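Structure data follow from query_34.cif (mmCIF, C-alpha atoms):
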```
data_protein
#
loop_
_atom_site.label_atom_id
_atom_site.label_comp_id
_atom_site.auth_asym_id
_atom_site.auth_seq_id
_atom_site.Cartn_x
_atom_site.Cartn_y
_atom_site.Cartn_z
CA MET T 182 40.44 32.61 13.20
CA ASP T 183 44.15 32.32 13.79
CA MET T 184 45.70 32.93 10.39
CA VAL T 185 49.46 32.99 10.00
CA ILE T 186 50.80 34.71 6.90
CA LYS T 187 54.47 34.15 6.20
CA LYS T 188 56.99 36.91 5.68
CA ASN T 189 58.69 35.76 2.47
CA VAL T 190 55.66 36.38 0.33
CA GLU T 191 55.18 34.32 -2.82
CA LEU T 192 51.52 35.11 -3.47
CA SER T 193 49.64 38.35 -2.84
CA VAL T 194 45.86 38.01 -2.57
CA ILE T 195 44.17 41.29 -3.49
CA ILE T 196 40.58 41.82 -2.34
CA VAL T 197 38.60 44.96 -3.14
CA ASN T 198 35.88 45.46 -0.55
CA TYR T 199 32.75 47.55 -0.27
CA ASN T 200 30.40 46.75 2.62
CA GLY T 201 31.46 43.11 2.56
CA VAL T 202 32.04 42.49 6.26
CA SER T 203 29.69 39.46 6.25
CA PHE T 204 31.88 37.63 3.73
CA PHE T 205 35.28 38.01 5.40
CA GLU T 206 35.29 35.01 7.72
CA ASN T 207 34.38 32.40 5.10
CA CYS T 208 36.65 33.94 2.47
CA PHE T 209 39.68 34.19 4.76
CA GLU T 210 39.13 30.73 6.22
CA SER T 211 39.11 29.22 2.73
CA LEU T 212 42.35 31.02 1.91
CA LYS T 213 43.94 29.68 5.07
CA GLU T 214 42.87 26.11 4.26
CA ASN T 215 43.79 26.16 0.59
CA LEU T 216 47.00 28.16 0.69
CA SER T 217 48.62 26.53 3.71
CA GLY T 218 52.27 25.93 2.87
CA ILE T 219 52.40 28.85 0.44
CA PRO T 220 53.94 32.10 1.72
CA PHE T 221 51.09 34.53 1.07
CA GLU T 222 49.67 37.86 2.14
CA ILE T 223 46.19 39.31 1.99
CA ILE T 224 45.69 42.92 0.97
CA VAL T 225 42.21 44.42 1.34
CA ILE T 226 41.39 47.71 -0.36
CA ASP T 227 38.32 49.15 1.31
CA ASN T 228 36.30 51.43 -0.95
CA ASN T 229 34.94 53.67 1.81
CA SER T 230 32.58 51.04 3.24
CA LYS T 231 29.66 52.17 5.37
CA ASP T 232 29.52 48.93 7.39
CA GLU T 233 31.97 47.65 9.99
CA SER T 234 34.44 46.21 7.47
CA CYS T 235 37.48 48.22 8.55
CA THR T 236 36.75 47.85 12.25
CA MET T 237 36.43 44.08 11.95
CA LEU T 238 39.62 43.76 9.91
CA LYS T 239 41.62 45.76 12.42
CA GLU T 240 40.24 43.86 15.42
CA CYS T 241 39.98 40.31 14.06
CA TYR T 242 42.51 40.18 11.21
CA PRO T 243 45.42 42.47 12.11
CA GLU T 244 47.72 40.42 9.85
CA VAL T 245 45.71 41.53 6.81
CA LYS T 246 47.12 44.61 5.12
CA LEU T 247 44.24 47.09 5.02
CA ILE T 248 44.23 50.06 2.65
CA GLU T 249 41.40 52.47 3.45
CA SER T 250 40.22 54.69 0.63
CA LYS T 251 38.23 57.82 1.39
CA GLU T 252 36.21 57.28 -1.78
CA ASN T 253 34.80 54.37 -3.74
CA LEU T 254 37.51 53.73 -6.31
CA GLY T 255 35.61 51.01 -8.13
CA PHE T 256 36.92 47.54 -8.89
CA GLY T 257 39.79 48.17 -11.29
CA LYS T 258 41.31 51.20 -9.61
CA GLY T 259 41.04 49.46 -6.25
CA ASN T 260 42.94 46.43 -7.53
CA ASN T 261 45.59 48.62 -9.12
CA LEU T 262 46.15 50.28 -5.76
CA GLY T 263 46.41 46.91 -4.02
CA VAL T 264 48.95 45.59 -6.50
CA LYS T 265 51.22 48.55 -5.76
CA TYR T 266 51.53 47.25 -2.20
CA ALA T 267 51.91 43.58 -3.21
CA LYS T 268 55.14 41.83 -2.26
CA GLY T 269 54.46 38.58 -4.11
CA LYS T 270 55.63 37.82 -7.63
CA THR T 271 52.21 36.29 -8.22
CA ILE T 272 48.90 38.08 -7.72
CA LEU T 273 45.51 36.55 -6.98
CA LEU T 274 42.69 39.00 -7.64
CA LEU T 275 39.77 37.66 -5.61
CA ASN T 276 36.28 38.93 -4.88
CA ASN T 277 35.38 39.28 -1.21
CA ASP T 278 32.21 37.18 -1.64
CA THR T 279 34.09 34.02 -2.59
CA ILE T 280 35.03 30.74 -0.91
CA LEU T 281 37.74 28.52 -2.34
CA GLN T 282 36.37 24.98 -2.52
CA SER T 283 39.14 22.86 -3.95
CA HIS T 284 42.36 22.23 -2.10
CA LEU T 285 44.64 24.29 -4.30
CA LEU T 286 47.91 23.36 -2.65
CA PRO T 287 48.32 19.98 -4.43
CA ALA T 288 47.44 21.69 -7.72
CA ILE T 289 49.27 24.98 -7.20
CA GLN T 290 52.26 23.91 -9.27
CA THR T 291 49.94 23.17 -12.17
CA LEU T 292 48.41 26.62 -11.83
CA TYR T 293 51.79 28.28 -11.51
CA SER T 294 53.23 26.42 -14.50
CA LYS T 295 50.61 28.04 -16.71
CA LEU T 296 51.14 31.57 -15.45
CA GLU T 297 53.90 32.22 -17.94
CA ASN T 298 51.20 32.01 -20.61
CA GLY T 299 48.99 34.64 -19.01
CA ILE T 300 45.98 34.69 -16.67
CA VAL T 301 44.71 31.55 -14.93
CA SER T 302 41.23 31.10 -13.49
CA ILE T 303 39.18 28.22 -12.08
CA ASN T 304 35.58 26.99 -12.11
CA MET T 305 32.89 29.20 -10.54
CA LEU T 306 29.96 27.83 -8.52
CA ASN T 307 27.04 29.79 -7.11
CA ALA T 308 25.85 29.71 -3.49
CA ASN T 309 24.08 26.39 -4.19
CA LYS T 310 27.32 24.93 -5.60
CA GLU T 311 25.88 24.92 -9.10
CA TYR T 312 27.99 25.66 -12.17
CA VAL T 313 28.03 29.28 -13.35
CA PRO T 314 29.61 30.25 -16.70
CA ALA T 315 32.49 32.61 -15.91
CA VAL T 316 34.45 32.81 -19.16
CA GLY T 317 33.57 34.17 -22.57
CA ARG T 318 34.47 35.37 -26.02
CA PHE T 319 35.85 38.79 -26.76
CA PRO T 320 33.16 41.22 -27.89
CA SER T 321 32.64 41.97 -31.55
CA PRO T 322 30.31 44.75 -32.73
CA PHE T 323 27.46 42.42 -33.64
CA ARG T 324 27.81 40.21 -30.55
CA LEU T 325 26.86 43.21 -28.43
CA PHE T 326 23.24 42.90 -29.57
CA LYS T 327 22.84 40.37 -26.75
CA ILE T 328 25.21 39.93 -23.80
CA SER T 329 24.68 36.14 -23.85
CA PHE T 330 26.36 36.09 -27.28
CA LEU T 331 29.61 36.90 -25.45
CA MET T 332 29.60 33.67 -23.44
CA ASP T 333 31.74 30.75 -24.62
CA SER T 334 29.60 28.76 -27.05
CA ARG T 335 31.34 25.40 -26.53
CA VAL T 336 29.05 22.72 -25.10
CA GLU T 337 31.25 22.19 -22.03
CA PHE T 338 30.90 25.82 -21.02
CA LYS T 339 27.14 25.75 -21.45
CA THR T 340 26.65 22.62 -19.35
CA GLY T 341 29.59 22.70 -16.95
CA LYS T 342 30.48 19.12 -17.90
CA PHE T 343 34.11 19.37 -18.93
CA ARG T 344 36.11 16.83 -20.91
CA SER T 345 39.46 18.42 -20.15
CA ASN T 346 41.06 19.91 -17.04
CA HIS T 347 42.14 23.08 -18.82
CA TYR T 348 41.01 25.24 -21.73
CA ASP T 349 42.23 28.31 -23.56
CA VAL T 350 39.55 31.01 -23.38
CA ASP T 351 39.27 34.66 -24.43
CA TRP T 352 38.44 36.14 -21.03
CA VAL T 353 37.78 35.11 -17.44
CA THR T 354 35.86 36.88 -14.72
CA GLY T 355 37.71 39.20 -12.35
CA ALA T 356 36.27 37.32 -9.36
CA PHE T 357 39.30 34.97 -9.52
CA MET T 358 42.34 35.92 -11.58
CA LEU T 359 45.80 34.48 -10.97
CA ILE T 360 48.47 36.48 -12.78
CA ARG T 361 52.15 37.30 -12.52
CA LYS T 362 52.73 40.74 -11.08
CA ALA T 363 55.20 41.51 -13.88
CA ASP T 364 52.54 40.80 -16.51
CA TYR T 365 49.96 42.88 -14.64
CA GLU T 366 52.37 45.80 -14.54
CA ALA T 367 53.38 45.31 -18.18
CA ILE T 368 49.82 46.19 -19.27
CA ASN T 369 49.38 48.84 -16.55
CA GLY T 370 46.74 46.79 -14.78
CA PHE T 371 43.07 47.61 -15.13
CA ASP T 372 41.98 50.50 -17.33
CA LEU T 373 40.78 53.30 -15.07
CA ASP T 374 38.02 54.38 -17.45
CA TYR T 375 35.92 51.48 -16.16
CA PHE T 376 34.33 51.80 -12.73
CA MET T 377 32.88 48.30 -12.43
CA TYR T 378 32.18 45.48 -14.94
CA VAL T 379 33.90 44.71 -18.25
CA GLU T 380 37.27 45.87 -16.93
CA ASP T 381 38.14 42.18 -16.57
CA VAL T 382 37.33 41.56 -20.25
CA ASP T 383 39.45 44.57 -21.15
CA LEU T 384 42.35 43.31 -19.01
CA CYS T 385 42.26 39.92 -20.76
CA LYS T 386 42.21 41.65 -24.15
CA LYS T 387 45.27 43.69 -23.21
CA MET T 388 47.02 40.48 -22.17
CA LYS T 389 46.22 38.94 -25.54
CA ASP T 390 47.61 42.03 -27.27
CA ILE T 391 51.03 41.37 -25.68
CA GLY T 392 50.98 37.70 -26.71
CA LYS T 393 49.50 36.20 -23.54
CA LYS T 394 46.25 34.30 -23.06
CA CYS T 395 43.71 33.15 -20.47
CA ILE T 396 43.60 29.59 -19.18
CA PHE T 397 40.57 28.09 -17.46
CA ILE T 398 41.11 25.18 -15.04
CA SER T 399 37.88 23.19 -14.85
CA ASN T 400 38.60 20.75 -12.00
CA LEU T 401 39.24 23.37 -9.29
CA ASN T 402 36.31 25.29 -7.85
CA TYR T 403 35.31 28.34 -5.86
CA ILE T 404 31.95 29.62 -4.70
CA HIS T 405 30.97 33.12 -5.72
CA PHE T 406 27.82 34.61 -4.25
CA VAL T 407 26.86 36.14 -7.58
CA GLY T 408 23.82 38.32 -7.87
CA PHE T 409 22.14 40.27 -10.63
CA ASN T 410 20.08 43.43 -10.64
CA LYS T 411 19.11 46.20 -13.01
CA SER T 412 21.96 48.47 -11.97
CA ARG T 413 24.44 45.71 -12.81
CA GLU T 414 22.83 45.35 -16.23
CA ASN T 415 23.23 49.07 -16.89
CA LEU T 416 26.86 49.03 -15.74
CA LEU T 417 27.58 46.08 -18.03
CA LEU T 418 26.20 47.91 -21.06
CA LYS T 419 28.13 51.04 -20.11
CA GLY T 420 31.28 48.95 -19.77
CA TYR T 421 30.85 47.46 -23.21
CA GLU T 422 30.36 50.95 -24.65
CA ILE T 423 33.78 51.86 -23.24
CA TYR T 424 35.27 48.59 -24.53
CA ALA T 425 33.92 49.24 -28.05
CA PHE T 426 35.45 52.71 -28.10
CA LYS T 427 38.84 51.37 -27.03
CA HIS T 428 39.14 48.22 -29.11
CA PHE T 429 37.02 48.60 -32.27
CA SER T 430 37.65 50.51 -35.46
CA ARG T 431 35.63 53.64 -36.12
CA VAL T 432 33.11 51.67 -38.17
CA GLY T 433 33.08 48.85 -35.62
CA HIS T 434 32.44 51.36 -32.85
CA LYS T 435 29.42 52.78 -34.68
CA ILE T 436 28.00 49.30 -35.23
CA ALA T 437 28.60 48.46 -31.58
CA LYS T 438 26.76 51.59 -30.43
CA LEU T 439 23.81 50.58 -32.62
CA MET T 440 23.82 47.02 -31.26
CA LEU T 441 23.95 48.26 -27.67
CA ALA T 442 21.11 50.69 -28.35
CA LEU T 443 19.05 47.82 -29.80
CA ASN T 444 20.00 45.71 -26.79
CA LYS T 445 18.61 48.36 -24.44
CA PHE T 446 15.50 48.87 -26.57
CA VAL T 447 14.65 45.16 -26.66
CA LYS T 448 15.15 44.78 -22.90
CA ARG T 449 13.06 47.85 -22.13
CA ASN T 450 10.18 46.76 -24.33
CA SER T 451 10.26 43.09 -23.41
CA GLY T 452 10.20 43.81 -19.70
CA GLU T 453 13.53 42.00 -19.10
#
```

As structure tokens, the full file:
Amino acid sequence: MDMVIKKNVELSVIIVNYNGVSFFENCFESLKENLSGIPFEIIVIDNNSKDESCTMLKECYPEVKLIESKENLGFGKGNNLGVKYAKGKTILLLNNDTILQSHLLPAIQTLYSKLENGIVSINMLNANKEYVPAVGRFPSPFRLFKISFLMDSRVEFKTGKFRSNHYDVDWVTGAFMLIRKADYEAINGFDLDYFMYVEDVDLCKKMKDIGKKCIFISNLNYIHFVGFNKSRENLLLKGYEIYAFKHFSRVGHKIAKLMLALNKFVKRNSGE
């Protein structure tokens, strides 16, 4: 792929990678198609991949700025490192296993116009191009009894049939986050206490605490090859334990720990 990235960078696309060499071509091609006309750069932070990720990037995508870590930094720390190298005033945090579906260029001004308010995200589809909920409500102690209680309870977000093109939401997934670099730096980026999962919820909460919010654009789409396994479940629960410690009162934290313990107990005994 012949991808030309302009020098006067307006948008910095940050991609944290770990053994994701198989996703690069489709992801980069979708960026090229959807961001044509926008001066952008791609920064890949490689978390000590064991596949041929770095070799492929150097040989096939020399225009991509590659940062090679000698250890797996995790998602948040990797993004923080990438943002330090970003030249653009706007940052797009993007998972490597994504493909932008909608032509963003005609809508980019709409996206940019909302950035002053906080974080902007768009609609997530799975590999079969089916709707996947990718926003939610901030955790409360009792909501942690079941992770599904944290999803947005509005009918549109359950069905994927939206009546409006944009919605205010509590949090959006870190798979696609458009944010001003100044805002990202104002909250010191991702909290380093998280390794992977829930750091995106925490980031959105920190944005709310400085008077910003998250905006979900429903008529623009991207594919995310989402998967789920037991290790992800355990990391989610661990992430919410950290979140509860950071954002709840002492009493709220105790209730949250009880709810999370019950959550684990129910899953273990129900065979989930």

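Residue selection for this entry, given the PyMOL selection byres ((chain T and resi 373-382) around 8), comprises Leu254, Gly255, Phe256, Gly257, Lys258, Phe319, Trp352, Val353, Thr354, Gly355, Phe371, Asp372, Asp383, Leu384, Cys385, Lys386, Leu416, Leu417, Gly420, Tyr421, Ile423 and Tyr424 of chain T.
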
Using only C-alpha atoms, find each residue in segment 250-319 of chain T having at least one atom no more than 7 Å away from segment 208-213 of chain T; report its shortest atom-to-atom pair and that distance in Å (one decimal), rows by chain then rising number, as a tab-separated table.
```
residue	atom	partner	partner_atom	distance
T:Asn277	CA	T:Cys208	CA	6.6
T:Asp278	CA	T:Cys208	CA	6.9
T:Thr279	CA	T:Cys208	CA	5.7
T:Ile280	CA	T:Cys208	CA	4.9
T:Leu281	CA	T:Ser211	CA	5.3
```

Legend entry - Result set, the PyMOL selection byres ((chain T and resi 307) around 6) on current file, as a ChimeraX atom specification: /T:306,308-311,404-406

List the spatial neighbours of segment 438-445 of chain T as an mmCIF file with C-alpha atoms, in the coordinates of the input - criterion: any atom at most 8 Å away, only C-alpha atoms, same-chain residues fewer than 3 positions off excluded.
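So the final result, stored in result18.cif, reads:
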```cif
data_model
loop_
_atom_site.group_PDB
_atom_site.id
_atom_site.type_symbol
_atom_site.label_atom_id
_atom_site.label_comp_id
_atom_site.auth_asym_id
_atom_site.auth_seq_id
_atom_site.Cartn_x
_atom_site.Cartn_y
_atom_site.Cartn_z
ATOM 1 C CA PRO T 322 30.310 44.750 -32.730
ATOM 2 C CA PHE T 323 27.460 42.420 -33.640
ATOM 3 C CA ARG T 324 27.810 40.210 -30.550
ATOM 4 C CA LEU T 325 26.860 43.210 -28.430
ATOM 5 C CA PHE T 326 23.240 42.900 -29.570
ATOM 6 C CA LYS T 327 22.840 40.370 -26.750
ATOM 7 C CA LEU T 418 26.200 47.910 -21.060
ATOM 8 C CA GLU T 422 30.360 50.950 -24.650
ATOM 9 C CA ALA T 425 33.920 49.240 -28.050
ATOM 10 C CA HIS T 434 32.440 51.360 -32.850
ATOM 11 C CA LYS T 435 29.420 52.780 -34.680
ATOM 12 C CA LYS T 448 15.150 44.780 -22.900
ATOM 13 C CA ARG T 449 13.060 47.850 -22.130
#
```

Inset, instruction - State, in Å with one decimal place, the distance from atom CA of Ile226 of chain T to atom CA of Glu414 of chain T. - result: 24.5 Å

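Put simply, atom CA of Met305 of chain T is 18.5 Å away from atom CA of Ile272 of chain T.
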
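Near Arg344 of chain T, within a cut-off of 10 Å and counting all atoms listed in the file, sit the residues Glu337, Tyr348 and Ser399 of chain T, with same-chain residues fewer than 4 positions away left out.
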
So that all listed atoms of segment 286-296 of chain T fit with 5 Å spare on each side, what axis-aligned box centre and edge lengths in Å, to one decimal, would you give as JSON?
```
{"center_x": 50.3, "center_y": 25.8, "center_z": -9.7, "size_x": 15.8, "size_y": 21.6, "size_z": 24.1}
```

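In terms of minimum interatomic distance to Tyr312 of chain T, T:Tyr403 ranks closest within T:Phe221, T:Phe330, T:Tyr403, T:Tyr266, counting all atoms listed in the file.
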
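As for atom CA of Lys362 of chain T and atom CA of Ser230 of chain T, they are spaced 26.8 Å apart.
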
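Ranking T:Tyr293, T:Phe338, T:Phe446, T:Tyr199 by their shortest atom-to-atom distance to Pro314 of chain T, with all atoms listed in the file included, puts T:Phe338 first.
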
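Between Phe397 of chain T and the candidates T:Ile196, T:Val336, T:Ala315, T:Ile328, the tightest atom-to-atom separation, counting all atoms listed in the file, involves T:Ala315.
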
Inset, instruction - For the file shown, report as a ChimeraX atom specification the outcome of the PyMOL selection byres ((chain T and resi 361) around 12) at residue level. - result: /T:191-194,264,267-274,292-301,358-360,362-368,370,388,393

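Compared by their closest atoms to Val316 of chain T, and using only C-alpha atoms, the residues T:Asn253, T:Ser217, T:Ile398, T:Asn260 rank with T:Ile398 nearest.
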
Inset, instruction - Have a look at T:Asp390, T:Ile224, T:Arg335, T:Asn304 and name the one nearest to Asn261 of chain T; count only C-alpha atoms. - result: T:Ile224

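Distances here use only C-alpha atoms; by that measure, the residue among T:Asn198, T:Asn346, T:Ser329, T:Thr236 closest to Gly263 of chain T is T:Asn198.
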
Legend entry - Residue contacts of Cys241 of chain T (12 Å, all atoms listed in the file) excluding same-chain residues fewer than 2 positions away, as a list in words: Met182, Asp183, Met184, Val202, Phe205, Glu206, Phe209, Glu233, Ser234, Cys235, Thr236, Met237, Leu238, Lys239, Pro243, Glu244 and Val245 of chain T

Generate a file of the selected residues that holds C-alpha atoms, formatted as a PDB file, keeping the file's coordinate frame.
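The file below, part.pdb, is the result:
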```
ATOM      1  CA  MET T 182      40.440  32.610  13.200  1.00  0.00           C
ATOM      2  CA  ASP T 183      44.150  32.320  13.790  1.00  0.00           C
ATOM      3  CA  MET T 184      45.700  32.930  10.390  1.00  0.00           C
ATOM      4  CA  VAL T 202      32.040  42.490   6.260  1.00  0.00           C
ATOM      5  CA  PHE T 205      35.280  38.010   5.400  1.00  0.00           C
ATOM      6  CA  GLU T 206      35.290  35.010   7.720  1.00  0.00           C
ATOM      7  CA  PHE T 209      39.680  34.190   4.760  1.00  0.00           C
ATOM      8  CA  GLU T 233      31.970  47.650   9.990  1.00  0.00           C
ATOM      9  CA  SER T 234      34.440  46.210   7.470  1.00  0.00           C
ATOM     10  CA  CYS T 235      37.480  48.220   8.550  1.00  0.00           C
ATOM     11  CA  THR T 236      36.750  47.850  12.250  1.00  0.00           C
ATOM     12  CA  MET T 237      36.430  44.080  11.950  1.00  0.00           C
ATOM     13  CA  LEU T 238      39.620  43.760   9.910  1.00  0.00           C
ATOM     14  CA  LYS T 239      41.620  45.760  12.420  1.00  0.00           C
ATOM     15  CA  PRO T 243      45.420  42.470  12.110  1.00  0.00           C
ATOM     16  CA  GLU T 244      47.720  40.420   9.850  1.00  0.00           C
ATOM     17  CA  VAL T 245      45.710  41.530   6.810  1.00  0.00           C
TER      18      VAL T 245
END
```
